[in-house]
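To keep things clear, I will list the structure first and then write my remarks on it.
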2 protein chains.
Amino acid sequence: MAREENLRSILAECGISAALEVVGERWSFLILRGAFNGLQHFEEFQSTLGIARNILSNRLGRLVEHEILKRQADAADRRKIVYKLTEKGMALLPVLIALRQWGERWVSGLPSNPVLVDRNNRMPVEQMAVRASDGRTLMLGDLEWLDASELPAAEKAA
Amino acid sequence: MAREENLRSILAECGISAALEVVGERWSFLILRGAFNGLQHFEEFQSTLGIARNILSNRLGRLVEHEILKRQADAADRRKIVYKLTEKGMALLPVLIALRQWGERWVSGLPSNPVLVDRNNRMPVEQMAVRASDGRTLMLGDLEWLDASELPAAEKAA
DNA sequence: GGTATCGGTTGCTATGTGCAACTTATATGC
DNA sequence: GCATATAAGTTGCACATAGCAACCGATACC
């Protein structure tokens, strides 16, 4: 598949547009970051992030609609509502970590603290990278778009 | 380091905020996706993405300011300006691929086509994941924030 | 029963986005 | 060399989204 002739359709169908429609609004990523860090209640998000209450309300609603967060009544205090990541929401972890690593490396500048480590052995996690099936890190020039029908084996990923 | 007591500072310092200030506006990711797919000229971005010209102009300007794209005169046609990814821009590849994979898996739904493959052997790339130093995939529960001073070895990453 | 807290909603203002028409510089055809 | 087209914007105006502060209903606390 020559890349140029299909560029437009690649861009239109691309999962990036789909993803951005769900998590592309302002504050959505920061709310998710908060959720990954253990925030659960409206007031926690509001005071920690400093987001306007009406916007927070709207974003939480959208994230719940899209099943990235789920809303639960708090058993211990019926005034409170607990927002929890769903499986779909947790699947965004690689996106957030990739973004964080990039921001630390290229925007805020290196030595970042605290460090994200493997709880098991307290070693820092790897840099996020696009990897070949053998684990090699692939750069932009190593990549190519291939029509599914042209795949060598009956594999699907990417 | 107990997580709760430092949550606020973790969130404030986090590279995610830093990253989003640079690439968090509407269209920025889609412009970058275009750049990764080989778009180079203003009119190419405009017609491919369908973005308003003033917004495109603004976003390209900001991406150039932040040294994610560089602006060059086109030697062959002096009307044209070539926008190219810098090293900093190319470093966003993992973010875009992670976002794409998530969008395909959880929003547009599976079988995605075309597939991103390793040019070398035409095998699909791996799913993006947070990995331990030995390559194991780490889930949310496997992760922990650790102060740099408490790291077991003299290593920095994350 | 009075007061504080939680999770919103409402109204208003400020900022950002989208569209269409215009502009300046360069290229192309005749 | 003159007319026309194209590239990369800019400008002005309409509309949508975000931010702020005040308010509200339900539940908890004393």
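Residues in the structure tokens are numbered from 1 in each chain, the chains being A, B, ... in the order shown, and ligands are numbered from 1 in the order shown.
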
Range 90-107 of chain B surroundings by only C-alpha atoms (C1' of nucleotides), 10 Å radius, close-in-sequence under 6 positions cut, as a short mmCIF file (atom, residue, chain, number, x, y, z; two decimals) with C-alpha atoms, in the first residue's frame:
```
data_model
loop_
_atom_site.label_atom_id
_atom_site.label_comp_id
_atom_site.auth_asym_id
_atom_site.auth_seq_id
_atom_site.Cartn_x
_atom_site.Cartn_y
_atom_site.Cartn_z
CA GLU A 13 -10.44 6.50 10.19
CA CYS A 14 -7.63 6.87 12.64
CA GLY A 15 -8.25 5.88 16.24
CA ILE A 16 -6.69 9.14 17.34
CA SER A 17 -9.75 11.11 16.24
CA ALA A 18 -11.97 8.60 17.96
CA ALA A 19 -9.96 8.83 21.16
CA LEU A 20 -9.90 12.61 21.10
CA GLU A 21 -13.65 12.86 20.81
CA VAL A 22 -13.87 11.12 24.17
CA VAL A 23 -10.88 12.46 26.09
CA HIS A 66 -18.30 7.17 27.77
CA GLU A 67 -17.74 4.55 30.46
CA ILE A 68 -14.26 5.74 31.33
CA GLU A 87 -11.47 -1.11 32.60
CA LYS A 88 -11.73 1.21 29.60
CA GLY A 89 -10.47 4.06 31.74
CA ALA A 91 -6.60 1.19 29.59
CA LEU A 92 -5.62 4.83 29.18
CA LEU A 93 -2.66 4.36 31.51
CA PRO A 94 -0.11 3.98 28.67
CA VAL A 95 -1.35 7.22 27.11
CA LEU A 96 -0.99 9.14 30.36
CA ILE A 97 2.41 7.71 31.17
CA ALA A 98 3.68 8.41 27.67
CA LEU A 99 2.43 11.98 27.94
CA ARG A 100 3.97 12.37 31.38
CA GLN A 101 7.34 11.04 30.29
CA TRP A 102 7.35 13.34 27.29
CA GLY A 103 6.36 16.35 29.37
CA ARG A 105 11.77 14.97 29.31
CA TRP A 106 10.96 17.78 26.89
CA GLN A 127 10.49 4.71 28.83
CA MET A 128 7.35 4.24 26.76
CA ALA A 129 8.25 3.28 23.21
CA VAL A 130 6.77 1.77 20.09
CA ARG A 131 8.18 -1.75 20.04
CA LEU A 138 10.96 1.38 16.65
CA MET A 139 11.48 4.92 15.38
CA LEU A 140 9.35 6.77 12.89
CA ALA A 157 -2.45 -5.54 16.56
CA ALA A 158 -1.15 -1.98 16.25
CA ALA B 19 2.76 18.39 28.14
CA VAL B 23 -0.07 20.00 22.88
CA PHE B 29 -2.75 16.15 18.25
CA LEU B 30 -4.44 15.85 14.89
CA LEU B 32 0.87 16.15 14.78
CA ARG B 33 -0.73 12.97 13.53
CA ALA B 35 2.89 15.52 10.43
CA PHE B 36 3.79 11.93 11.40
CA ILE B 68 7.74 20.59 18.10
CA LEU B 69 7.64 21.55 14.45
CA LYS B 84 8.82 19.33 9.82
CA ASN B 113 -7.04 -1.08 9.19
CA LEU B 116 1.04 -0.13 11.82
CA VAL B 125 3.91 -3.33 16.45
CA GLU B 126 3.26 -4.33 20.06
CA GLN B 127 0.51 -2.86 22.17
CA MET B 128 1.82 0.13 24.08
CA ALA B 129 2.22 -0.71 27.75
#
```

### Query
Which residues of chain D are close to chain B, meaning at most 9 Å apart when you count only C-alpha atoms (C1' of nucleotides), and how do they look as a PyMOL selection string?
chain D and resi 6-10

### Task
Write out as a list in words which residues come within 10 Å of Ala132 in chain A when counting only C-alpha atoms (C1' of nucleotides), dropping same-chain ones fewer than 2 positions away.
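Surrounding residues, per the criterion: Ala129, Val130, Asp134, Gly135, Arg136, Thr137, Leu138, Asp142 and Leu143 of chain A; Val117, Asp118, Arg119, Asn120, Asn121, Arg122, Met123, Pro124, Val125, Glu126 and Gln127 of chain B.
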
Near range 21-28 of chain D, 10 Å: chain C residue rows, closest pairs, only C-alpha atoms (C1' of nucleotides), as a Markdown table:
```
| residue | atom | partner | partner_atom | distance |
| --- | --- | --- | --- | --- |
| C:DA4 | C1' | D:DA28 | C1' | 8.4 |
| C:DT5 | C1' | D:DA28 | C1' | 7.7 |
| C:DC6 | C1' | D:DT27 | C1' | 8.2 |
| C:DG7 | C1' | D:DA26 | C1' | 9.5 |
| C:DG8 | C1' | D:DC24 | C1' | 8.6 |
| C:DT9 | C1' | D:DC24 | C1' | 7.7 |
| C:DT10 | C1' | D:DC23 | C1' | 7.7 |
| C:DG11 | C1' | D:DA22 | C1' | 9.2 |
| C:DC12 | C1' | D:DA21 | C1' | 9.6 |
```

Export of the given selection (N, CA and C atoms (P, O5', C5', C4', C3', O3' and C1' of nucleotides)) as an mmCIF file, in the first residue's frame:
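Saved file selection24.cif follows:
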```
data_model
loop_
_atom_site.group_PDB
_atom_site.id
_atom_site.type_symbol
_atom_site.label_atom_id
_atom_site.label_comp_id
_atom_site.auth_asym_id
_atom_site.auth_seq_id
_atom_site.Cartn_x
_atom_site.Cartn_y
_atom_site.Cartn_z
ATOM 1 P P DA C 4 -21.719 26.811 59.973
ATOM 2 O "O5'" DA C 4 -21.181 25.442 59.343
ATOM 3 C "C5'" DA C 4 -20.612 24.451 60.212
ATOM 4 C "C4'" DA C 4 -20.271 23.211 59.399
ATOM 5 C "C3'" DA C 4 -19.528 23.513 58.090
ATOM 6 O "O3'" DA C 4 -18.477 22.571 57.973
ATOM 7 C "C1'" DA C 4 -21.541 22.325 57.630
ATOM 8 P P DT C 5 -17.478 22.567 56.697
ATOM 9 O "O5'" DT C 5 -18.076 21.399 55.798
ATOM 10 C "C5'" DT C 5 -18.314 20.121 56.388
ATOM 11 C "C4'" DT C 5 -18.853 19.190 55.311
ATOM 12 C "C3'" DT C 5 -18.164 19.337 53.949
ATOM 13 O "O3'" DT C 5 -17.810 18.042 53.514
ATOM 14 C "C1'" DT C 5 -20.513 19.487 53.709
ATOM 15 P P DC C 6 -17.024 17.775 52.133
ATOM 16 O "O5'" DC C 6 -18.197 17.293 51.190
ATOM 17 C "C5'" DC C 6 -18.875 16.068 51.460
ATOM 18 C "C4'" DC C 6 -19.850 15.786 50.329
ATOM 19 C "C3'" DC C 6 -19.235 15.960 48.936
ATOM 20 O "O3'" DC C 6 -19.464 14.787 48.168
ATOM 21 C "C1'" DC C 6 -21.231 17.241 49.156
ATOM 22 P P DG C 7 -18.785 14.644 46.710
ATOM 23 O "O5'" DG C 7 -19.944 15.186 45.774
ATOM 24 C "C5'" DG C 7 -21.155 14.438 45.672
ATOM 25 C "C4'" DG C 7 -22.146 15.219 44.858
ATOM 26 C "C3'" DG C 7 -21.650 15.580 43.442
ATOM 27 O "O3'" DG C 7 -22.718 15.430 42.524
ATOM 28 C "C1'" DG C 7 -22.356 17.497 44.550
ATOM 29 P P DG C 8 -22.364 15.218 40.935
ATOM 30 O "O5'" DG C 8 -21.732 16.628 40.482
ATOM 31 C "C5'" DG C 8 -22.432 17.549 39.657
ATOM 32 C "C4'" DG C 8 -23.647 18.156 40.332
ATOM 33 C "C3'" DG C 8 -24.320 19.232 39.501
ATOM 34 O "O3'" DG C 8 -25.396 18.662 38.775
ATOM 35 C "C1'" DG C 8 -24.076 19.911 41.787
ATOM 36 P P DT C 9 -25.815 19.355 37.371
ATOM 37 O "O5'" DT C 9 -26.448 20.759 37.789
ATOM 38 C "C5'" DT C 9 -27.661 20.783 38.541
ATOM 39 C "C4'" DT C 9 -28.113 22.232 38.674
ATOM 40 C "C3'" DT C 9 -28.190 22.974 37.327
ATOM 41 O "O3'" DT C 9 -29.424 23.674 37.312
ATOM 42 C "C1'" DT C 9 -26.796 24.153 38.840
ATOM 43 P P DT C 10 -29.897 24.450 35.945
ATOM 44 O "O5'" DT C 10 -29.696 26.007 36.275
ATOM 45 C "C5'" DT C 10 -29.937 26.495 37.578
ATOM 46 C "C4'" DT C 10 -29.574 27.985 37.631
ATOM 47 C "C3'" DT C 10 -29.629 28.721 36.290
ATOM 48 O "O3'" DT C 10 -30.326 29.947 36.451
ATOM 49 C "C1'" DT C 10 -27.486 28.992 37.284
ATOM 50 P P DG C 11 -30.788 30.827 35.157
ATOM 51 O "O5'" DG C 11 -29.722 32.002 35.177
ATOM 52 C "C5'" DG C 11 -29.582 32.812 36.350
ATOM 53 C "C4'" DG C 11 -28.428 33.784 36.175
ATOM 54 C "C3'" DG C 11 -28.368 34.459 34.805
ATOM 55 O "O3'" DG C 11 -28.155 35.856 35.004
ATOM 56 C "C1'" DG C 11 -26.285 33.433 35.285
ATOM 57 P P DC C 12 -28.084 36.924 33.813
ATOM 58 O "O5'" DC C 12 -26.516 37.229 33.748
ATOM 59 C "C5'" DC C 12 -25.825 37.738 34.902
ATOM 60 C "C4'" DC C 12 -24.324 37.709 34.649
ATOM 61 C "C3'" DC C 12 -23.905 38.344 33.313
ATOM 62 O "O3'" DC C 12 -23.000 39.430 33.540
ATOM 63 C "C1'" DC C 12 -22.851 36.244 33.639
#
```

### Query
range 62-95 of chain A: which residues are alpha helix (DSSP H) by DSSP, as a list in words?
Arg62, Leu63, Val64, Glu65, Glu87, Lys88, Gly89, Met90, Leu93, Pro94 and Val95 of chain A

### Query
Among chain B, which ones does DSSP place in strand (DSSP E or B), written as a PyMOL selection string?
chain B and resi 69-73+81-85+115-118+124+131+137+143-146

Would you write out those residues with C-alpha atoms, as a compact mmCIF listing (two decimals), in the first residue's frame?
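What follows is the written file out.txt:
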```
# COMPACT_ATOMS: atom_id res chain seq x y z
CA LEU B 69 7.64 21.55 14.45
CA LYS B 70 10.19 23.59 12.51
CA ARG B 71 9.32 25.95 9.69
CA GLN B 72 11.52 25.92 6.59
CA ALA B 73 11.35 27.68 3.26
CA ILE B 81 6.71 26.64 3.72
CA VAL B 82 7.65 23.20 4.94
CA TYR B 83 6.67 22.14 8.44
CA LYS B 84 8.82 19.33 9.82
CA LEU B 85 8.86 17.46 13.08
CA VAL B 115 -2.17 -1.69 10.56
CA LEU B 116 1.04 -0.13 11.82
CA VAL B 117 3.89 -2.55 11.16
CA ASP B 118 7.63 -2.84 11.57
CA PRO B 124 2.42 -5.42 13.66
CA ARG B 131 6.81 -1.99 31.35
CA THR B 137 3.69 -5.22 31.49
CA LEU B 143 2.91 0.97 40.27
CA GLU B 144 4.06 3.26 43.04
CA TRP B 145 5.48 6.77 43.32
CA LEU B 146 8.89 6.84 44.92
```

Chain B superposed on chain A over all ordered C-alpha pairs, least squares: can you write that as a PDB file with C-alpha atoms, in the first residue's frame?
```pdb
ATOM      1  CA  MET B   1      -0.108  -0.030  -0.020  1.00  0.00           C
ATOM      2  CA  ALA B   2       1.444   3.239  -1.089  1.00  0.00           C
ATOM      3  CA  ARG B   3       1.094   5.640   1.753  1.00  0.00           C
ATOM      4  CA  GLU B   4       0.193   8.810  -0.093  1.00  0.00           C
ATOM      5  CA  GLU B   5      -2.877   7.577  -1.920  1.00  0.00           C
ATOM      6  CA  ASN B   6      -4.593   6.504   1.259  1.00  0.00           C
ATOM      7  CA  LEU B   7      -3.426   9.191   3.583  1.00  0.00           C
ATOM      8  CA  ARG B   8      -6.749  10.903   3.760  1.00  0.00           C
ATOM      9  CA  SER B   9      -8.623   7.759   4.656  1.00  0.00           C
ATOM     10  CA  ILE B  10      -5.956   6.775   7.156  1.00  0.00           C
ATOM     11  CA  LEU B  11      -6.359  10.085   8.890  1.00  0.00           C
ATOM     12  CA  ALA B  12     -10.137   9.995   8.836  1.00  0.00           C
ATOM     13  CA  GLU B  13     -10.442   6.503  10.274  1.00  0.00           C
ATOM     14  CA  CYS B  14      -7.620   6.861  12.701  1.00  0.00           C
ATOM     15  CA  GLY B  15      -8.207   5.905  16.304  1.00  0.00           C
ATOM     16  CA  ILE B  16      -6.650   9.163  17.384  1.00  0.00           C
ATOM     17  CA  SER B  17      -9.713  11.134  16.270  1.00  0.00           C
ATOM     18  CA  ALA B  18     -11.930   8.633  17.996  1.00  0.00           C
ATOM     19  CA  ALA B  19      -9.909   8.871  21.196  1.00  0.00           C
ATOM     20  CA  LEU B  20      -9.842  12.651  21.143  1.00  0.00           C
ATOM     21  CA  GLU B  21     -13.591  12.891  20.842  1.00  0.00           C
ATOM     22  CA  VAL B  22     -13.814  11.167  24.178  1.00  0.00           C
ATOM     23  CA  VAL B  23     -10.827  12.516  26.110  1.00  0.00           C
ATOM     24  CA  GLY B  24      -9.696  15.463  24.007  1.00  0.00           C
ATOM     25  CA  GLU B  25     -11.431  18.280  25.850  1.00  0.00           C
ATOM     26  CA  ARG B  26      -9.591  20.548  28.190  1.00  0.00           C
ATOM     27  CA  TRP B  27      -9.276  19.060  31.689  1.00  0.00           C
ATOM     28  CA  SER B  28     -10.175  15.513  30.681  1.00  0.00           C
ATOM     29  CA  PHE B  29      -6.612  14.221  30.878  1.00  0.00           C
ATOM     30  CA  LEU B  30      -5.983  16.012  34.140  1.00  0.00           C
ATOM     31  CA  ILE B  31      -9.141  14.560  35.657  1.00  0.00           C
ATOM     32  CA  LEU B  32      -8.003  11.110  34.564  1.00  0.00           C
ATOM     33  CA  ARG B  33      -4.559  11.704  35.974  1.00  0.00           C
ATOM     34  CA  GLY B  34      -6.269  12.543  39.258  1.00  0.00           C
ATOM     35  CA  ALA B  35      -8.337   9.383  39.071  1.00  0.00           C
ATOM     36  CA  PHE B  36      -5.190   7.302  38.470  1.00  0.00           C
ATOM     37  CA  ASN B  37      -3.699   8.949  41.522  1.00  0.00           C
ATOM     38  CA  GLY B  38      -6.617   7.929  43.668  1.00  0.00           C
ATOM     39  CA  LEU B  39      -8.980  10.893  43.579  1.00  0.00           C
ATOM     40  CA  GLN B  40     -12.565   9.712  43.866  1.00  0.00           C
ATOM     41  CA  HIS B  41     -14.915  12.503  44.946  1.00  0.00           C
ATOM     42  CA  PHE B  42     -16.134  15.637  43.224  1.00  0.00           C
ATOM     43  CA  GLU B  43     -14.691  17.927  45.888  1.00  0.00           C
ATOM     44  CA  GLU B  44     -11.335  16.143  45.745  1.00  0.00           C
ATOM     45  CA  PHE B  45     -11.033  16.728  42.013  1.00  0.00           C
ATOM     46  CA  GLN B  46     -12.249  20.271  42.392  1.00  0.00           C
ATOM     47  CA  SER B  47      -9.867  21.347  45.116  1.00  0.00           C
ATOM     48  CA  THR B  48      -6.877  19.389  43.814  1.00  0.00           C
ATOM     49  CA  LEU B  49      -7.129  20.520  40.213  1.00  0.00           C
ATOM     50  CA  GLY B  50      -8.649  23.953  40.801  1.00  0.00           C
ATOM     51  CA  ILE B  51     -11.144  23.375  37.995  1.00  0.00           C
ATOM     52  CA  ALA B  52     -14.430  25.310  37.819  1.00  0.00           C
ATOM     53  CA  ARG B  53     -17.291  23.322  39.348  1.00  0.00           C
ATOM     54  CA  ASN B  54     -19.575  23.470  36.319  1.00  0.00           C
ATOM     55  CA  ILE B  55     -16.818  22.297  33.984  1.00  0.00           C
ATOM     56  CA  LEU B  56     -15.838  19.508  36.367  1.00  0.00           C
ATOM     57  CA  SER B  57     -19.459  18.432  36.554  1.00  0.00           C
ATOM     58  CA  ASN B  58     -19.686  18.420  32.776  1.00  0.00           C
ATOM     59  CA  ARG B  59     -16.421  16.501  32.262  1.00  0.00           C
ATOM     60  CA  LEU B  60     -17.184  13.886  34.897  1.00  0.00           C
ATOM     61  CA  GLY B  61     -20.566  13.415  33.250  1.00  0.00           C
ATOM     62  CA  ARG B  62     -18.990  12.927  29.844  1.00  0.00           C
ATOM     63  CA  LEU B  63     -16.361  10.522  31.158  1.00  0.00           C
ATOM     64  CA  VAL B  64     -19.133   8.517  32.828  1.00  0.00           C
ATOM     65  CA  GLU B  65     -21.207   8.566  29.610  1.00  0.00           C
ATOM     66  CA  HIS B  66     -18.230   7.186  27.737  1.00  0.00           C
ATOM     67  CA  GLU B  67     -17.686   4.564  30.440  1.00  0.00           C
ATOM     68  CA  ILE B  68     -14.227   5.756  31.306  1.00  0.00           C
ATOM     69  CA  LEU B  69     -15.332   6.483  34.843  1.00  0.00           C
ATOM     70  CA  LYS B  70     -18.209   4.904  36.754  1.00  0.00           C
ATOM     71  CA  ARG B  71     -20.320   6.727  39.297  1.00  0.00           C
ATOM     72  CA  GLN B  72     -21.200   4.913  42.521  1.00  0.00           C
ATOM     73  CA  ALA B  73     -23.017   5.935  45.672  1.00  0.00           C
ATOM     74  CA  ASP B  74     -20.691   6.024  48.665  1.00  0.00           C
ATOM     75  CA  ALA B  75     -21.986   3.424  51.125  1.00  0.00           C
ATOM     76  CA  ALA B  76     -20.530   5.195  54.150  1.00  0.00           C
ATOM     77  CA  ASP B  77     -21.844   8.680  53.325  1.00  0.00           C
ATOM     78  CA  ARG B  78     -24.820   9.058  51.070  1.00  0.00           C
ATOM     79  CA  ARG B  79     -23.962  12.650  50.210  1.00  0.00           C
ATOM     80  CA  LYS B  80     -20.877  11.436  48.433  1.00  0.00           C
ATOM     81  CA  ILE B  81     -20.488   9.940  45.006  1.00  0.00           C
ATOM     82  CA  VAL B  82     -17.476   7.839  44.153  1.00  0.00           C
ATOM     83  CA  TYR B  83     -15.937   8.115  40.705  1.00  0.00           C
ATOM     84  CA  LYS B  84     -13.909   5.065  39.719  1.00  0.00           C
ATOM     85  CA  LEU B  85     -11.953   4.141  36.641  1.00  0.00           C
ATOM     86  CA  THR B  86     -13.492   1.423  34.517  1.00  0.00           C
ATOM     87  CA  GLU B  87     -11.441  -1.104  32.579  1.00  0.00           C
ATOM     88  CA  LYS B  88     -11.686   1.227  29.579  1.00  0.00           C
ATOM     89  CA  GLY B  89     -10.440   4.087  31.732  1.00  0.00           C
ATOM     90  CA  MET B  90      -7.541   2.099  33.143  1.00  0.00           C
ATOM     91  CA  ALA B  91      -6.552   1.204  29.596  1.00  0.00           C
ATOM     92  CA  LEU B  92      -5.577   4.866  29.183  1.00  0.00           C
ATOM     93  CA  LEU B  93      -2.613   4.383  31.514  1.00  0.00           C
ATOM     94  CA  PRO B  94      -0.077   4.014  28.678  1.00  0.00           C
ATOM     95  CA  VAL B  95      -1.307   7.251  27.120  1.00  0.00           C
ATOM     96  CA  LEU B  96      -0.953   9.160  30.365  1.00  0.00           C
ATOM     97  CA  ILE B  97       2.451   7.738  31.181  1.00  0.00           C
ATOM     98  CA  ALA B  98       3.731   8.433  27.674  1.00  0.00           C
ATOM     99  CA  LEU B  99       2.467  11.995  27.952  1.00  0.00           C
ATOM    100  CA  ARG B 100       4.025  12.382  31.381  1.00  0.00           C
ATOM    101  CA  GLN B 101       7.389  11.061  30.284  1.00  0.00           C
ATOM    102  CA  TRP B 102       7.399  13.352  27.277  1.00  0.00           C
ATOM    103  CA  GLY B 103       6.432  16.373  29.368  1.00  0.00           C
ATOM    104  CA  GLU B 104       9.158  15.626  31.878  1.00  0.00           C
ATOM    105  CA  ARG B 105      11.823  15.006  29.296  1.00  0.00           C
ATOM    106  CA  TRP B 106      11.010  17.807  26.863  1.00  0.00           C
ATOM    107  CA  VAL B 107       9.038  20.463  28.705  1.00  0.00           C
ATOM    108  CA  SER B 108       9.654  20.614  32.440  1.00  0.00           C
ATOM    109  CA  GLY B 109      13.163  19.254  31.876  1.00  0.00           C
ATOM    110  CA  LEU B 110      14.832  16.230  33.370  1.00  0.00           C
ATOM    111  CA  PRO B 111      15.267  15.098  36.894  1.00  0.00           C
ATOM    112  CA  SER B 112      11.621  14.380  37.641  1.00  0.00           C
ATOM    113  CA  ASN B 113      10.488  13.537  41.122  1.00  0.00           C
ATOM    114  CA  PRO B 114       8.797  11.501  42.419  1.00  0.00           C
ATOM    115  CA  VAL B 115       9.551   8.626  40.119  1.00  0.00           C
ATOM    116  CA  LEU B 116       7.109   5.983  38.928  1.00  0.00           C
ATOM    117  CA  VAL B 117       8.422   2.584  39.973  1.00  0.00           C
ATOM    118  CA  ASP B 118       7.506  -1.074  39.831  1.00  0.00           C
ATOM    119  CA  ARG B 119       6.050  -1.759  43.289  1.00  0.00           C
ATOM    120  CA  ASN B 120       7.640  -5.190  43.153  1.00  0.00           C
ATOM    121  CA  ASN B 121      11.293  -4.212  43.058  1.00  0.00           C
ATOM    122  CA  ARG B 122      11.173  -0.408  43.229  1.00  0.00           C
ATOM    123  CA  MET B 123      12.900  -0.016  39.899  1.00  0.00           C
ATOM    124  CA  PRO B 124      11.764   2.826  37.651  1.00  0.00           C
ATOM    125  CA  VAL B 125       9.485   1.850  34.787  1.00  0.00           C
ATOM    126  CA  GLU B 126      10.853   1.820  31.243  1.00  0.00           C
ATOM    127  CA  GLN B 127      10.499   4.706  28.841  1.00  0.00           C
ATOM    128  CA  MET B 128       7.371   4.256  26.763  1.00  0.00           C
ATOM    129  CA  ALA B 129       8.258   3.295  23.216  1.00  0.00           C
ATOM    130  CA  VAL B 130       6.776   1.752  20.107  1.00  0.00           C
ATOM    131  CA  ARG B 131       8.187  -1.763  20.041  1.00  0.00           C
ATOM    132  CA  ALA B 132       8.559  -4.523  17.506  1.00  0.00           C
ATOM    133  CA  SER B 133       7.335  -7.988  18.376  1.00  0.00           C
ATOM    134  CA  ASP B 134      10.851  -8.848  19.563  1.00  0.00           C
ATOM    135  CA  GLY B 135      10.902  -5.850  21.885  1.00  0.00           C
ATOM    136  CA  ARG B 136      13.151  -3.567  19.835  1.00  0.00           C
ATOM    137  CA  THR B 137      12.265   0.124  19.980  1.00  0.00           C
ATOM    138  CA  LEU B 138      10.959   1.364  16.651  1.00  0.00           C
ATOM    139  CA  MET B 139      11.482   4.893  15.378  1.00  0.00           C
ATOM    140  CA  LEU B 140       9.347   6.751  12.876  1.00  0.00           C
ATOM    141  CA  GLY B 141      11.406   5.516   9.922  1.00  0.00           C
ATOM    142  CA  ASP B 142      10.992   1.904  10.984  1.00  0.00           C
ATOM    143  CA  LEU B 143       7.226   2.072  10.671  1.00  0.00           C
ATOM    144  CA  GLU B 144       4.863   1.483   7.787  1.00  0.00           C
ATOM    145  CA  TRP B 145       1.108   1.247   7.290  1.00  0.00           C
ATOM    146  CA  LEU B 146       0.022  -2.092   5.912  1.00  0.00           C
ATOM    147  CA  ASP B 147      -3.412  -3.216   4.814  1.00  0.00           C
ATOM    148  CA  ALA B 148      -4.683  -5.961   7.094  1.00  0.00           C
ATOM    149  CA  SER B 149      -5.056  -8.325   4.137  1.00  0.00           C
ATOM    150  CA  GLU B 150      -1.340  -8.005   3.407  1.00  0.00           C
ATOM    151  CA  LEU B 151      -0.187  -9.055   6.842  1.00  0.00           C
ATOM    152  CA  PRO B 152       2.356 -11.911   6.688  1.00  0.00           C
ATOM    153  CA  ALA B 153       0.760 -13.977   9.463  1.00  0.00           C
ATOM    154  CA  ALA B 154      -2.845 -13.999  10.681  1.00  0.00           C
ATOM    155  CA  GLU B 155      -2.097 -11.459  13.378  1.00  0.00           C
ATOM    156  CA  LYS B 156      -3.790  -8.305  14.401  1.00  0.00           C
ATOM    157  CA  ALA B 157      -2.455  -5.573  16.595  1.00  0.00           C
ATOM    158  CA  ALA B 158      -1.068  -2.049  16.116  1.00  0.00           C
TER     159      ALA B 158
END
```

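Picture a line from C1' of DC13 in chain D to C1' of DT24 in chain C; it runs 22.5 Å.
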
### Point-to-point distance from C1' of DT17 in chain C to C1' of DT11 in chain D, Å rounded to tenths
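These atoms are spaced 14.9 Å apart.
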
### Query
Taking into account only C-alpha atoms (C1' of nucleotides), which residue in the set C:DC30, C:DG2, C:DT13, C:DA20 is nearest to chain B?
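Selected residue with least distance to chain B: C:DA20.
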
### Message
With 8 Å as the limit and counting only C-alpha atoms (C1' of nucleotides), what residues in chain C lie close to chain B? Please list them as number ranges by chain.
### Response
C: 17-19, 25-27

Please produce an output containing C-alpha atoms (C1' of nucleotides) for each residue in the selection, written as an mmCIF file, in the first residue's frame.
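Generated output (again_31.cif):
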```cif
data_model
loop_
_atom_site.group_PDB
_atom_site.id
_atom_site.type_symbol
_atom_site.label_atom_id
_atom_site.label_comp_id
_atom_site.auth_asym_id
_atom_site.auth_seq_id
_atom_site.Cartn_x
_atom_site.Cartn_y
_atom_site.Cartn_z
ATOM 1 C "C1'" DT C 17 -13.262 28.201 17.671
ATOM 2 C "C1'" DG C 18 -15.336 28.323 12.980
ATOM 3 C "C1'" DC C 19 -16.430 30.545 8.656
ATOM 4 C "C1'" DA C 25 4.163 37.093 -2.312
ATOM 5 C "C1'" DT C 26 5.440 33.963 -5.594
ATOM 6 C "C1'" DA C 27 4.717 30.905 -9.591
#
```
